[in-house]
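Chemist: One structure is given below, represented as structure tokens, and several questions about it will come after.
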Amino acid sequence: MNLDRREVIGAMSALTAAAVVGADATAEQSKSKGSAAKLRKVATEEACSIPEVAAALQNVARTAWNNLDTKLVNRIYNARPEAPSPLLPMLLDIDAGRLAVMDENDVDMHLLSLTAPGVQMFDADLGTELATLANDRIAEAVRRHPTRFAGLATVAPQDPKRAVKEMDRAINTLKLNGFIINSHTNNEYLDEPKFWPILEAAEAMNAAIYIHPRAPSDGMAAPFRDYRMETAVWGYGMEVGTHAVRLMLGGVFDRFPNLKIVLGHMGEAVPFWLWRLDFMGNPSWKLRPNKLKPSEYFKRNFAITTSGVEDHLALGYCIDRIGVDNVMWAIDYPYQPTTPAVAFIDSAPIADADKQKIAHGNAERIFHINCC
Ligand code: 1WB
Ligand code: MN
């Protein structure tokens, strides 16, 4: 099974990580061995957690709620003691072990984010409280290792008013680099007017919103229930791709023309659909009152990352489709192993200037990361 294979790989990198002594020493080493030819790498979809969120997810997954996310959450947070998930310690380590894996693979930075489903399975009070705590912890990690970590702020869309307050604190006080929202919240999507204050705030702060997957919402869950299809194998992409199309066809970008949305996993299949979206979703059709075609919104208002899609053909296609300035490299740590993700970008058959943009330059621009 897929996850088992990855868990083995994950466990292997955790073991190698444990063999390296002292994160600071290894950071120094990697600085001194840096050469002009080395490709600087800022990885942009790198998951972490904190014990308080892990404990709250453990509780939520034990309830009778038949949401599709509970299966996956149970596997990680309610694993049987005799078969613990190796992912949990990797998620909770925002320090030495993670830095060691980065050092071994010459990864310069992780843009950290609280792992899916974030705080979006909790009620508004708990979600808001835990988002604040997670943002504090991620900001602390960035302060401890400012050249190695940057961070996205978790948003609790359950209470848009309090979310906007926390978004302001996250950017202006904690100096985090953007926001992450794990697709739907209680089966509602960000084009709903109740969420517009969140979009308006992100646009005003010039801070991008990363829409990360969670399992498909209840209304489209049924066909995903067999074969574990709700996971990263297919359900994640369908959920976020659908979310992105809702934003484009729902007129969100006419209202917020400077809003930047980031999608992982090579654009969650949307780039492949742009021609058909333009044909069927063309504003010249009376049914489509929007100002622009979907492909025009996609180029203007979206950026994508390569997380978990190490396919040079797909990379080349996406660069052609949405422009090299809108593609960023990512690992998807700890769900994907670091070494092949690094090999994927190092060996990409593209011009060096483009590689520099994808490996770090675009992330530094879009997420306001102070370079070096
Ligand atoms: C997986 C991937 C599971 C991600 C996750 O659980 C998250 C998986 C929260 O591959 O099974 C992810 O972030 O891509
Ligand atoms: Mn991910």
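Identifiers for the structure tokens are assigned positionally: chains receive A, B, ... in sequence, residues are indexed from 1 per chain, and ligands are indexed from 1 in the order shown.
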How close does each residue of segment 222-330 of chain A get to segment 342-351 of chain A, giving the shortest atom pair and distance in Å to one decimal for every residue with an atom at most 8 Å away, counting only C-alpha atoms, sorted by chain and residue number, as a Markdown table?
Modeler:
```
| residue | atom | partner | partner_atom | distance |
| --- | --- | --- | --- | --- |
| A:Glu310 | CA | A:Phe344 | CA | 5.9 |
| A:Asp311 | CA | A:Phe344 | CA | 7.7 |
| A:His312 | CA | A:Ala348 | CA | 6.2 |
| A:Gly316 | CA | A:Ile350 | CA | 7.9 |
| A:Trp329 | CA | A:Ile345 | CA | 7.4 |
```
Chemist: Can you write out the residues you just picked, keeping C-alpha atoms, as an mmCIF file, in the first residue's frame?
Modeler:
```
data_model
loop_
_atom_site.group_PDB
_atom_site.id
_atom_site.type_symbol
_atom_site.label_atom_id
_atom_site.label_comp_id
_atom_site.auth_asym_id
_atom_site.auth_seq_id
_atom_site.Cartn_x
_atom_site.Cartn_y
_atom_site.Cartn_z
ATOM 1 C CA GLU A 310 8.113 14.509 -9.679
ATOM 2 C CA ASP A 311 7.381 14.333 -13.379
ATOM 3 C CA HIS A 312 9.502 16.429 -15.752
ATOM 4 C CA GLY A 316 7.455 21.463 -18.580
ATOM 5 C CA TRP A 329 9.508 23.639 -5.954
#
```
Chemist: Excluding segment 43-58 of chain A and residues on its chain fewer than 6 positions from it, collect all residues at most 7 Å away from it, counting only C-alpha atoms, and give them as a PyMOL selection string.
Modeler: chain A and resi 73-74+77-78+91-92+94+109-115+130+134+307+329-334
Chemist: From the list A:Glu82, A:Glu239, A:Glu296, A:Glu230, which residue is nearest ligand 1 when using only C-alpha atoms and all ligand atoms?
Modeler: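 Among A:Glu82, A:Glu239, A:Glu296, A:Glu230, it is A:Glu230 that comes nearest to ligand 1.
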Chemist: Restricting the calculation to only C-alpha atoms and all ligand atoms: of A:Gly235, A:Gly219, A:Gly241, A:Gly178, which residue gets closest to ligand 1?
Modeler: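 Looking only at the distances to ligand 1, the closest residue turns out to be A:Gly235.
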Chemist: As an NGL selection string, please: every residue in segment 49-225 of chain A that a backbone DSSP assignment puts in helix (DSSP H, G or I).
Modeler: :A and (51-62 or 69-77 or 87-92 or 96-104 or 124-144 or 160-172 or 193-204 or 218-220 or 222-224)
Chemist: Would you list the residues that come within 6 Å of ligand 1? Count only C-alpha atoms and all ligand atoms and give the answer as a list in words.
Modeler: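 Within the 6 Å cut-off, the matching residues are Leu3, Thr115, Ala116, Thr231, Ala232, Asp332 and Tyr335 of chain A.
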Chemist: Once you have the residues from the selection above, write them out as a PDB file, in the first residue's frame, restricted to N, CA and C atoms.
Modeler:
```pdb
ATOM      1  N   LEU A   3       0.873   4.333   1.348  1.00  0.00           N
ATOM      2  CA  LEU A   3       1.305   5.033   2.556  1.00  0.00           C
ATOM      3  C   LEU A   3       2.348   4.204   3.291  1.00  0.00           C
ATOM      4  N   THR A 115       0.133  20.839   9.317  1.00  0.00           N
ATOM      5  CA  THR A 115      -0.317  19.809   8.371  1.00  0.00           C
ATOM      6  C   THR A 115      -1.842  19.697   8.277  1.00  0.00           C
ATOM      7  N   ALA A 116      -2.299  19.175   7.139  1.00  0.00           N
ATOM      8  CA  ALA A 116      -3.730  18.953   6.875  1.00  0.00           C
ATOM      9  C   ALA A 116      -4.322  18.012   7.930  1.00  0.00           C
ATOM     10  N   THR A 231      -7.615   9.916  -0.262  1.00  0.00           N
ATOM     11  CA  THR A 231      -6.290  10.402   0.155  1.00  0.00           C
ATOM     12  C   THR A 231      -5.584  11.144  -0.981  1.00  0.00           C
ATOM     13  N   ALA A 232      -4.286  11.298  -0.773  1.00  0.00           N
ATOM     14  CA  ALA A 232      -3.451  11.981  -1.765  1.00  0.00           C
ATOM     15  C   ALA A 232      -3.430  11.248  -3.105  1.00  0.00           C
ATOM     16  N   ASP A 332       6.888  18.289   0.050  1.00  0.00           N
ATOM     17  CA  ASP A 332       5.750  17.691   0.757  1.00  0.00           C
ATOM     18  C   ASP A 332       6.234  16.808   1.905  1.00  0.00           C
ATOM     19  N   TYR A 335       5.548  13.593   3.959  1.00  0.00           N
ATOM     20  CA  TYR A 335       4.738  12.623   3.224  1.00  0.00           C
ATOM     21  C   TYR A 335       5.459  12.095   1.985  1.00  0.00           C
TER      22      TYR A 335
END
```
Chemist: Quick one: residues within 9 Å of segment 140-146 of chain A, only C-alpha atoms counted, chain neighbours fewer than 5 positions away excluded, as a list of chain:residue names?
Modeler: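 Final neighbour list, sorted by chain and number: A:Ile94, A:Asp95, A:Leu112, A:Asn135, A:Gly151, A:Leu174, A:Leu176.
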Chemist: Within 8 Å of segment 352-364 of chain A, counting only C-alpha atoms, which residues show up once you throw out same-chain ones fewer than 6 positions away? Write them as a PDB file with C-alpha atoms, in the first residue's frame, please.
Modeler:
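The new file around02.pdb reads:
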```pdb
ATOM      1  CA  LEU A  39      21.226  25.337  -6.494  1.00  0.00           C
ATOM      2  CA  ARG A  40      19.602  27.177  -3.592  1.00  0.00           C
ATOM      3  CA  LYS A  41      16.436  25.339  -2.609  1.00  0.00           C
ATOM      4  CA  VAL A  42      13.429  26.689  -0.749  1.00  0.00           C
ATOM      5  CA  ALA A  43      10.828  23.946  -0.286  1.00  0.00           C
ATOM      6  CA  THR A  44       7.327  25.365  -0.141  1.00  0.00           C
ATOM      7  CA  VAL A 324       7.839  30.029 -15.135  1.00  0.00           C
ATOM      8  CA  ASP A 325       7.319  32.819 -12.599  1.00  0.00           C
ATOM      9  CA  ASN A 326       4.355  30.939 -11.111  1.00  0.00           C
ATOM     10  CA  VAL A 327       5.930  27.548 -10.429  1.00  0.00           C
ATOM     11  CA  MET A 328       7.692  26.721  -7.137  1.00  0.00           C
ATOM     12  CA  TRP A 329       9.508  23.639  -5.954  1.00  0.00           C
ATOM     13  CA  ILE A 345      14.628  19.655  -9.496  1.00  0.00           C
ATOM     14  CA  ASN A 370      14.325  37.309   2.832  1.00  0.00           C
ATOM     15  CA  CYS A 371      16.935  35.598   0.806  1.00  0.00           C
TER      16      CYS A 371
END
```
Chemist: If we count only C-alpha atoms and set the cut-off at 6 Å, which residues sit around Ala124 of chain A, ignoring sequence neighbours fewer than 3 positions away in its own chain? Please answer as a ChimeraX atom specification.
Modeler: /A:127-128,158-159
Chemist: Give the strand (DSSP E or B) residues of segment 77-129 of chain A, as DSSP finds them on the backbone, and put them as a list in words.
Modeler: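 Filtering segment 77-129 of chain A to strand (DSSP E or B) leaves Met109, His110, Leu111, Leu112, Ser113 and Leu114 of chain A.
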Chemist: Name the closest residue to ligand 2 among the candidates A:Asp254, A:Ala96, A:Gly118, A:Phe272; distances are taken between atoms, counting only C-alpha atoms and all ligand atoms.
Modeler: A:Gly118
Chemist: Hey, what's within 9 Å of Val155 of chain A if we count only C-alpha atoms and toss same-chain stuff fewer than 2 positions away? As a ChimeraX atom specification, please?
Modeler: /A:118-120,127-128,131-132,153,157-158,160,163-164,166-167,179-182,198
Chemist: Pick the closest to ligand 2 from A:Asp278, A:Phe256, A:Gly237, A:Val270: which is it, counting only C-alpha atoms and all ligand atoms?
Modeler: A:Gly237
Chemist: Would you list the contacts of Ala221 of chain A as a list of chain:residue names, taking every protein, DNA or RNA residue within 9 Å and counting only C-alpha atoms, but skipping same-chain residues closer than 2 positions in sequence?
Modeler: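 Those residues are A:Asn67, A:Leu68, A:Ala215, A:Pro216, A:Ser217, A:Asp218, A:Gly219, A:Pro223, A:Phe224, A:Arg225, A:Glu230, A:Gly235.
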Chemist: Any chance you could export the current selection's N, CA and C atoms as a CSV table (one decimal), in the first residue's frame?
Modeler:
```csv
chain,number,residue,atom,x,y,z
A,67,ASN,N,-16.8,11.9,8.6
A,67,ASN,CA,-16.2,12.7,7.6
A,67,ASN,C,-15.0,11.9,7.0
A,68,LEU,N,-14.7,12.1,5.7
A,68,LEU,CA,-13.7,11.4,5.1
A,68,LEU,C,-12.3,11.6,5.6
A,215,ALA,N,-9.5,15.7,2.6
A,215,ALA,CA,-10.3,14.8,1.8
A,215,ALA,C,-11.6,15.5,1.3
A,216,PRO,N,-12.2,14.9,0.2
A,216,PRO,CA,-13.4,15.6,-0.4
A,216,PRO,C,-14.5,15.8,0.7
A,217,SER,N,-15.2,16.9,0.4
A,217,SER,CA,-16.3,17.3,1.3
A,217,SER,C,-17.4,16.3,1.3
A,218,ASP,N,-18.3,16.3,2.3
A,218,ASP,CA,-19.4,15.3,2.4
A,218,ASP,C,-20.2,15.2,1.1
A,219,GLY,N,-20.5,16.3,0.5
A,219,GLY,CA,-21.3,16.2,-0.7
A,219,GLY,C,-20.8,15.5,-1.9
A,223,PRO,N,-18.2,8.4,-3.8
A,223,PRO,CA,-17.4,7.5,-4.7
A,223,PRO,C,-16.0,7.4,-4.3
A,224,PHE,N,-15.6,8.2,-3.3
A,224,PHE,CA,-14.2,8.1,-2.8
A,224,PHE,C,-14.0,7.1,-1.7
A,225,ARG,N,-15.2,6.6,-1.2
A,225,ARG,CA,-15.1,5.8,0.1
A,225,ARG,C,-14.4,4.4,-0.1
A,230,GLU,N,-9.9,8.7,-1.0
A,230,GLU,CA,-10.0,10.0,-0.4
A,230,GLU,C,-8.7,10.7,-0.2
A,235,GLY,N,-8.3,11.8,-4.2
A,235,GLY,CA,-9.3,12.6,-3.6
A,235,GLY,C,-8.8,14.0,-3.2
```
Chemist: Can you work out which one of A:Pro193, A:Pro117, A:Pro294, A:Gly250 has the shortest atom-to-atom distance to ligand 2, counting only C-alpha atoms and all ligand atoms?
Modeler: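 Nearest candidate to ligand 2 out of A:Pro193, A:Pro117, A:Pro294, A:Gly250: A:Pro117.
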Chemist: Please determine, counting only C-alpha atoms, which residue among A:Thr242, A:Asn206, A:Asn258, A:Gln336 has the shortest atom-to-atom distance to Ser183 of chain A.
Modeler: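 Nearest candidate to Ser183 of chain A out of A:Thr242, A:Asn206, A:Asn258, A:Gln336: A:Thr242.
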Chemist: Could you work out how far atom CA of Ala150 of chain A lies from atom CA of Met266 of chain A, giving the answer in Å with one decimal?
Modeler: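 About the pair atom CA of Met266 of chain A and atom CA of Ala150 of chain A: they are 21.2 Å apart.
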